Structure formats: structure tokens, C-alpha cells
Amino acid sequence: MIVALDGTVLVVAQPGLRRDLGASVAQVQWTSTAYLLTVAAFLVVAGRLGDRYGHPRLAITGVLGFAAASAGIALAPGVGWVIALRAAQGFFGALLQPATLALLRLAYPPDRLAAPVAIRTSAIGVAAAAGPLLGGLLVAHLGWRAVFVVNVPIALAIAALILAVRVPEPERTGAGRPPLGSAALLVAAVAALVHALAGVPAYGWTAPPTLLGLGGAAGLGVLLVRWERRAAHPLVPAAVARSTAVMASMALLLTASGALFGALFTATFLLQDVRGLGAFDSALRLLPLTAVMVVGAPLAGVAQRRFGARRIALAGTGLVALGIAGLCTEALTGAGGAVLGAGFAAVMVTATGTVVGDAPPGYAGVVGGLKQTATNVGPALGIALAAGAGAGSGAGAGAAGAAGAGGTTPALLALAALAAVGLLPASLLPGRPRGAAAGDLVGEDAGQRGERAPTAHGPADRERR
């Protein structure tokens, strides 16, 4: 929640930061990009470290480091310091995020994960909605630095809770040296991919910087796969890589998060530059999305236990695609946002619950890191797709805005198509077999419930149907 709150609050603080520090637009953009690159690149590595050294230890390190970096930004004398400390903040955020999912797996059995995952999803939605309001109040009365000061007491309170709450300690995995070669290749590949996607709105898909970045990411990905196959202790164990449910959930989260954030990017330009609304009025138009997501997450958890992950994920993916298409019509902007929020809540709860619940014993951290990587790369992909289809090409309301309106409908339709691609991985999630208890996962046995841990080189758990 603190990570989601920090991201949404920063958007409001950036104009004041630029004026106070005399920064350029490109430098202000890097205050966001530096964080995004670092957090996306280190998530899987952080999850693997948690599996090896313990998730409570990683969570404490992450939250305290996040607080220290936030305090440093509040005292930063120049924008260069802000960018560097935002990168450090991203690293500690990467340590924190997989650990929270792994701690849920340790505290709850797979058949009871839906409820805590739904609460976590609702908390993220509340943070995303409250961020701009809180940021606006802080910036208006105390200045942009207060946005980062507020992180410190919140982080310290979280650290105290982690120390106070005891969770079962699993048998550690990953004996031997950490897979440094795989980690370096993964960090480089993800950083190259996110950097290339983040540059698409400025350069386009066919510009040399974009093509070089995508080509470099693909080449590093090939090297990573080859390295992992030869590694004695791979970064992503075979038990994880061969799990159909886990890999399908990753793909679903990638497409759904990309479609959602791409749609928000497009809708912002549609409402402000084309329809001439102010920032506050635009936020009100999109409020149904957040409200329905917060309320819908617990309902999705209940539905998952009754009908199974596959059915709820398919329904949620369909709603995401339908909601994005509905944003094309002015009369359906509010309704489309509500449908989109309901669908995304269903996808997040089912896919996250499946990822965490189906994680082979001892590998909850690396699976949590993969999940968070998908939801961090997805927005960059969605915004790149929207920009490439013409979103944001208009400038201002009236005639100039009407000229740009032609780019919003193709962008939204492209994003709806991206969401629809998620129907394929959604169909591969575990179903609820006839006669199974609510919440049971297909093919789950005592070992997969965490009652015993595999050896570091043991055979992979059998795949779910």
C-alpha cells in the first residue's frame, strides 16, 4: 500500500518539484522512470533472496530502506539527488513487494488465500484513489517535500507490525551461492525492456532508440534462458518455470495491467485535451473505476472460492475488455470505468491468489517477484501501445483537441484487444473440479500445501490442469 500511495502522490508533487529545483521536464520524468526501472529489474532477484534468507528479514530491510530513501528525497538539494534516491527507493520497494506476498502464503493455506489477497487488492485501490487527494493537500499547505516525509512514519509503523507479527518459518531453499549471473542478466533485460517501452511515447515504435532497446532486451532474454538451463542453482527454479498455473497468471497480469494503465493514460487525454475537462473533473469521471475495484475485490475473492479461479478470471478479463471499449463513448465513460474496475479487481484477485497459492513450497518469494514484475512491465507496455496508436496526439480543447480525438478510439480499441488476449492464459488457470471443496486447487496435494518442502534440486511439482 505504501508503494502504491507513493507512486500516485508523486504525480501531484512533480510540478512543485520542478519549480523548486529548477529541473527540466526530462529530469522530472526521470524521477518516475528511475524508480520504475529499478523496481521492475530487481523484483525477481528480491524474491529469490527472500526464499533464501527469509521474507521477514527482506521485508524489514525493504521498508526501512524505503523510509530512509524517502527522507533523503525530502532533504535533496537538487534534482540529481532526487533521481538517484528514487532509484534507491525502487530497489528497496523491490525488496518489499515480493516479501508481502510470500508472507501471506506463509500465514494462510492456499484454500484461504482469496480473502487476504482481496484485502490487499482493495488496499492498493484505496491508496491509488487517496494518493492524489493526499498529495494535493500536502503540496498545497507544506510543499512537495512533505509528500516524501509522510512515508517515514508509515514505513516505521509497518516495520513495527512486521516485527510484532509472527509467521511460520519455512524450510529455506536455494542452497549454494546466489545465482549472480542469472540475476545480472535478468536485471539488464528487464531494465532494457522497460526503458524502451517508456520511450515509445516520445520516439515511437520504429525509432532507433526503441528498436535498439527492444532488441537488446530480447538478446539478453535469450542469454538468460541459456544461462538458466546450465545453472546448478537457477534464479527461477524448474518447479516454477514448469507450473502452467503460475506462468498463465503472469501472462494474464501482464495483459490486464497493461490494458488498464494504457486506458487510464488514454482517458486522461480524452477527458482533458479533447473534452476540455479540468484535472479534478476528470478524476471524478474516473472515480467509479477505483470505487468498484475497492468494493469488488472482496466479492471476487468470495466468487473465486465458489466457482474457481478460471471462471472468475475469464469473466474479469471479458469485463476489462468491455469496460475499455465503453470508454470510447462519452455517455459510457462512468459506466465503462465501473465495468473496467470490476473486471480488473476480479483478475487481480484470482491471478494473484493462484500465483501465491500454486507457488511450489519454498519458492513463494521468487513467484511473488515474477508476479510483481508482470504488473510493473504491463503498464509500460499498455502506455506504449496507447501512445503508438495515437493517444495524446491532441493538444488542448476545441478544434485542436478534436484533431486529437481520432487517436483515442483506435488506442482504446487496441487496449481492449490487449485485454482480450488475456482470455487465453485465463483459460489455463485452475478450475474447480466436481466434488472439490471450495477454494481447493486442482492437483494440489499435501506437499503443495506447504506441509513439506522439496529439496533444492528435486523434481518439479506436477502441473495443474
# chains A, B, ... in the order shown; residues from 1 in each chain; ligands from 1

$ select_by_dssp --residues "range 123-288 of chain A" --states "alpha helix (DSSP H)" --output "PyMOL selection string"
chain A and resi 123-142+146-149+151-164+180-198+200-203+208-230+238-241+244-269+279-288

$ atom_distance --atom1 "CA of Thr350 in chain A" --atom2 "CA of Ala303 in chain A"
9.4 Å

$ residues_around --residues "Ala191 in chain A" --least-positions-apart "4" --cutoff "10 Å" --atoms "only C-alpha atoms" --output "compact mmCIF listing (two decimals) with N, CA, C and O atoms, in the first residue's frame"
# COMPACT_ATOMS: atom_id res chain seq x y z
N ALA A 34 13.29 6.40 -13.12
CA ALA A 34 14.36 5.77 -12.34
C ALA A 34 13.78 4.77 -11.35
O ALA A 34 14.32 3.66 -11.16
N LEU A 36 10.77 3.25 -11.62
CA LEU A 36 10.15 2.16 -12.36
C LEU A 36 11.18 1.16 -12.86
O LEU A 36 11.00 -0.06 -12.74
N LEU A 37 12.29 1.67 -13.40
CA LEU A 37 13.33 0.78 -13.91
C LEU A 37 13.90 -0.09 -12.79
O LEU A 37 14.08 -1.31 -12.95
N THR A 38 14.21 0.51 -11.67
CA THR A 38 14.87 -0.22 -10.58
C THR A 38 13.94 -1.26 -9.97
O THR A 38 14.33 -2.40 -9.74
N VAL A 39 12.72 -0.86 -9.69
CA VAL A 39 11.80 -1.79 -9.03
C VAL A 39 11.47 -2.96 -9.94
O VAL A 39 11.41 -4.12 -9.50
N ALA A 40 11.27 -2.70 -11.24
CA ALA A 40 10.95 -3.78 -12.15
C ALA A 40 12.12 -4.74 -12.33
O ALA A 40 11.94 -5.95 -12.42
N ALA A 41 13.33 -4.19 -12.35
CA ALA A 41 14.51 -5.01 -12.61
C ALA A 41 14.85 -5.94 -11.45
O ALA A 41 15.33 -7.06 -11.66
N PHE A 42 14.59 -5.52 -10.22
CA PHE A 42 15.09 -6.28 -9.06
C PHE A 42 14.02 -7.12 -8.35
O PHE A 42 14.32 -7.76 -7.35
N LEU A 185 21.79 -10.82 -15.63
CA LEU A 185 21.15 -10.85 -16.94
C LEU A 185 19.69 -10.44 -16.85
O LEU A 185 19.18 -9.71 -17.72
N LEU A 186 18.99 -10.89 -15.81
CA LEU A 186 17.58 -10.53 -15.67
C LEU A 186 17.42 -9.04 -15.41
O LEU A 186 16.55 -8.39 -16.00
N VAL A 187 18.23 -8.49 -14.53
CA VAL A 187 18.16 -7.05 -14.24
C VAL A 187 18.39 -6.25 -15.51
O VAL A 187 17.65 -5.30 -15.82
N HIS A 195 12.87 0.49 -20.20
CA HIS A 195 13.38 1.75 -20.73
C HIS A 195 12.92 1.95 -22.17
O HIS A 195 12.53 3.07 -22.56
N ALA A 196 12.94 0.89 -22.96
CA ALA A 196 12.49 1.01 -24.35
C ALA A 196 11.00 1.33 -24.42
O ALA A 196 10.57 2.19 -25.21
N LEU A 197 10.19 0.65 -23.61
CA LEU A 197 8.74 0.90 -23.61
C LEU A 197 8.42 2.30 -23.11
O LEU A 197 7.52 2.97 -23.63
N GLY A 213 16.51 -0.79 -27.93
CA GLY A 213 16.15 -1.24 -26.59
C GLY A 213 15.42 -2.57 -26.61
O GLY A 213 15.74 -3.47 -25.82
N ALA A 217 16.84 -6.10 -25.16
CA ALA A 217 16.11 -6.87 -24.16
C ALA A 217 15.89 -8.30 -24.63
O ALA A 217 16.02 -9.26 -23.85
N VAL A 377 5.81 -4.24 -15.58
CA VAL A 377 6.10 -4.13 -17.00
C VAL A 377 4.81 -3.86 -17.78
O VAL A 377 4.81 -3.14 -18.79

$ residues_around --residues "Gly204 in chain A" --least-positions-apart "5" --cutoff "9 Å" --atoms "only C-alpha atoms" --output "compact mmCIF listing (two decimals) with N, CA and C atoms, in the first residue's frame"
# COMPACT_ATOMS: atom_id res chain seq x y z
N GLY A 199 10.10 4.88 -23.53
CA GLY A 199 10.47 5.87 -24.53
C GLY A 199 9.57 5.90 -25.75
N THR A 210 14.04 2.90 -29.66
CA THR A 210 13.08 1.86 -29.28
C THR A 210 13.51 0.51 -29.81
N ALA A 384 2.77 2.39 -23.87
CA ALA A 384 3.47 2.41 -25.16
C ALA A 384 2.51 2.06 -26.30
N ALA A 387 0.13 5.10 -26.81
CA ALA A 387 0.81 6.21 -27.48
C ALA A 387 1.09 5.89 -28.93
N GLY A 388 1.46 4.64 -29.20
CA GLY A 388 1.72 4.24 -30.58
C GLY A 388 0.48 4.27 -31.45

$ residues_around --residues "range 19-30 of chain A" --least-positions-apart "4" --cutoff "9 Å" --atoms "only C-alpha atoms" --output "VMD selection string"
chain A and resid 14 to 15 34 to 35 77 to 80 83 86 144

$ closest_residue --among "A:Thr206, A:Thr266, A:Thr61, A:Thr244" --to "Gly93 in chain A" --atoms "only C-alpha atoms"
A:Thr61

$ closest_residue --among "A:Ser243, A:Ser32, A:Ser182, A:Ser122" --to "Pro360 in chain A" --atoms "only C-alpha atoms"
A:Ser243

$ residues_around --residues "range 362-373 of chain A" --least-positions-apart "3" --cutoff "6 Å" --atoms "only C-alpha atoms" --output "mmCIF file with C-alpha atoms, in the first residue's frame"
data_model
loop_
_atom_site.group_PDB
_atom_site.id
_atom_site.type_symbol
_atom_site.label_atom_id
_atom_site.label_comp_id
_atom_site.auth_asym_id
_atom_site.auth_seq_id
_atom_site.Cartn_x
_atom_site.Cartn_y
_atom_site.Cartn_z
ATOM 1 C CA ALA A 40 10.945 -3.780 -12.153
ATOM 2 C CA LEU A 43 11.728 -7.854 -8.127
ATOM 3 C CA VAL A 44 12.562 -11.455 -9.039
ATOM 4 C CA GLY A 47 12.012 -12.716 -4.194
ATOM 5 C CA ARG A 48 14.819 -15.254 -4.609
ATOM 6 C CA GLY A 50 13.727 -13.796 0.420
ATOM 7 C CA ASP A 51 13.363 -17.519 -0.272
ATOM 8 C CA PRO A 98 7.535 -9.965 -3.105
ATOM 9 C CA LEU A 101 3.022 -11.843 -0.947
ATOM 10 C CA ALA A 102 5.303 -14.549 0.432
ATOM 11 C CA THR A 173 15.645 -23.199 -0.368
ATOM 12 C CA MET A 250 1.920 -13.950 -15.117
ATOM 13 C CA ALA A 359 3.833 -21.486 -5.741
ATOM 14 C CA ASN A 376 5.212 -3.366 -13.378
#

$ residues_around --residues "Pro298 in chain A" --least-positions-apart "4" --cutoff "7 Å" --atoms "only C-alpha atoms" --output "list in words"
Ala115, Ala118, Ile119 and Val302 of chain A
